[in-house]
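S.K.: To start, I am sharing the structure in question, which I have written as structure tokens.
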Amino acid sequence: MNAVINGLSIRFFKARDAESCFKIRSAAFTREFYRELGARATSAGVNAFMPEDYVRMAKKSPFFVAEDSGGVIGFITIERRNKQVAEIALIYVDRKQLGKQIGQTLIKHIEQWVIANWPEVTSLIVDTVIPQYNSGFYKKVGFVPAGHAVCDFPDLQLPALRLEKKLKP
Ligand SMILES: CC(C)(COP(=O)(O)OP(=O)(O)OC[C@H]1O[C@@H](n2cnc3c(N)ncnc32)[C@H](O)[C@@H]1OP(=O)(O)O)[C@@H](O)C(=O)NCCC(=O)NCCS
């Protein structure tokens, strides 16, 4: 499912996008999350997803990238947790492109994809290890806090905030 929303092109991930996705996520950890997470968790977070992991994830689950004329500037992937619940596993926007509605557009796209392809799913969840930094964004796009969770990085378990959004049929 390819789309152009608000002038932004959104398409399925291809293997050649892995390096860009890796760089976008790593920069978010080292430039922003470090302040909330500290050094050990930042390093575990970066190491949790190498470029080949994106290729592996895209084979198993819907994975979309947003691009402009300069290349990939954001991405989102979603995993089915059970019949009625799907989880946004990763969403990241290039640090240089923040505040341009790219995150909101990716969420809108994934919601439309889920409604069209997984009609039994009634809610989206997302677990964040940096709620101070990004829960404002999730609330803006319709998520509400739904309790505590734990994020499993290969080298470290981190407490997380779960947020949930009910999907309209
Ligand atoms: C969260 C993130 C995706 C937001 O991307 P973005 O493209 O800058 O967000 P948008 O421009 O679409 O913002 C949508 C709205 O949320 C608000 N918003 C965005 N980031 C915010 C923040 N950190 N705190 C509060 N509000 C925020 C915007 O002001 C905007 O509000 P408006 O519609 O009133 O103008 C981006 O900061 C990011 O990549 N964060 C790291 C990703 C992450 O933490 N992933 C963890 C889960 S795997």
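Labels for the structure tokens follow display order: chains A, B, ..., residues from 1 in each chain, ligands from 1.
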Quick one: residues within 6 Å of ligand 1, with only C-alpha atoms and all ligand atoms, as number ranges by chain?
M.R.: A: 28, 89-93, 98-104, 128, 133-134, 136-137, 140
S.K.: Using C-alpha atoms, can you export the residues from the last selection as a PDB file, in the first residue's frame?
M.R.:
ATOM      1  CA  ALA A  28      17.331   9.693  18.167  1.00  0.00           C
ATOM      2  CA  ALA A  89       6.945  -1.629  17.406  1.00  0.00           C
ATOM      3  CA  LEU A  90       9.024   1.249  16.016  1.00  0.00           C
ATOM      4  CA  ILE A  91       8.292   4.792  14.866  1.00  0.00           C
ATOM      5  CA  TYR A  92      11.078   7.255  14.195  1.00  0.00           C
ATOM      6  CA  VAL A  93      11.452  10.542  12.361  1.00  0.00           C
ATOM      7  CA  LEU A  98      10.835  16.979  13.364  1.00  0.00           C
ATOM      8  CA  GLY A  99       7.708  19.106  13.722  1.00  0.00           C
ATOM      9  CA  LYS A 100       6.582  18.725  10.095  1.00  0.00           C
ATOM     10  CA  GLN A 101       3.672  16.346  10.808  1.00  0.00           C
ATOM     11  CA  ILE A 102       5.654  13.349   9.566  1.00  0.00           C
ATOM     12  CA  GLY A 103       5.063  11.325  12.767  1.00  0.00           C
ATOM     13  CA  GLN A 104       1.344  12.122  12.653  1.00  0.00           C
ATOM     14  CA  THR A 128       7.776   3.940  25.238  1.00  0.00           C
ATOM     15  CA  TYR A 133      10.171  12.999  25.680  1.00  0.00           C
ATOM     16  CA  ASN A 134       7.449  11.557  23.503  1.00  0.00           C
ATOM     17  CA  GLY A 136       3.115  14.427  24.366  1.00  0.00           C
ATOM     18  CA  PHE A 137       3.256  13.316  20.733  1.00  0.00           C
ATOM     19  CA  LYS A 140      -1.668  14.544  20.399  1.00  0.00           C
TER      20      LYS A 140
END
S.K.: Can you list, as number ranges by chain, all residues belonging to stretch 73-161 of chain A that DSSP tags as strand (DSSP E)?
M.R.: A: 73-80, 85-93, 123-128, 144-153, 156-161
S.K.: Tell me which of A:Val85, A:Ala18, A:Ala3, A:Ala44 sits closest to A:Thr30, counting only C-alpha atoms.
M.R.: A:Ala44
S.K.: Looking only at the backbone, which of the residues in stretch 36-102 of chain A does DSSP tag as helix (DSSP H, G or I), as a PyMOL selection string?
M.R.: chain A and resi 36-37+39-47+51-60+95-97+102
S.K.: List the spatial neighbours of A:Ala66 as number ranges by chain - criterion: any atom at most 12 Å away, only C-alpha atoms, same-chain residues fewer than 5 positions off excluded.
M.R.: A: 2-14, 17, 20-21, 24, 71-77, 91-94, 97, 101-107, 109-110
S.K.: To one decimal place in Å, what is the distance between atom CA of A:Val129 and atom CA of A:Glu164?
M.R.: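 Calculated distance between atom CA of A:Val129 and atom CA of A:Glu164 is 14.7 Å.
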S.K.: Can you work out the spacing between atom CA of A:Ser26 and atom CA of A:Val46 in Å, to one decimal?
M.R.: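 Result for atom CA of A:Ser26 versus atom CA of A:Val46: 5.4 Å, one decimal.
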S.K.: Please identify all polymer residues within 10 Å of A:Ser123, counting only C-alpha atoms, omitting same-chain residues fewer than 6 positions from it, and present them as a list in words.
M.R.: Gln84, Val85, Ala86, Glu87, Glu111, Val114, Phe143, Glu164, Lys165, Lys166, Leu167 and Lys168 of chain A
S.K.: Might you pull out every residue within 7 Å of A:Asp127, with only C-alpha atoms counted and same-chain residues fewer than 2 positions away left off, and present them as a ChimeraX atom specification?
M.R.: /A:125,129,149,160-163
S.K.: Nearest to A:Gln132: which of A:Arg16, A:Arg25, A:Lys108, A:Arg35 is it, counting only C-alpha atoms?
M.R.: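 Smallest distance to A:Gln132 is found for A:Arg35.
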S.K.: Quick one: distance from atom CA of A:Arg80 to atom CA of A:Phe33 in Å, one decimal?
M.R.: 26.3 Å
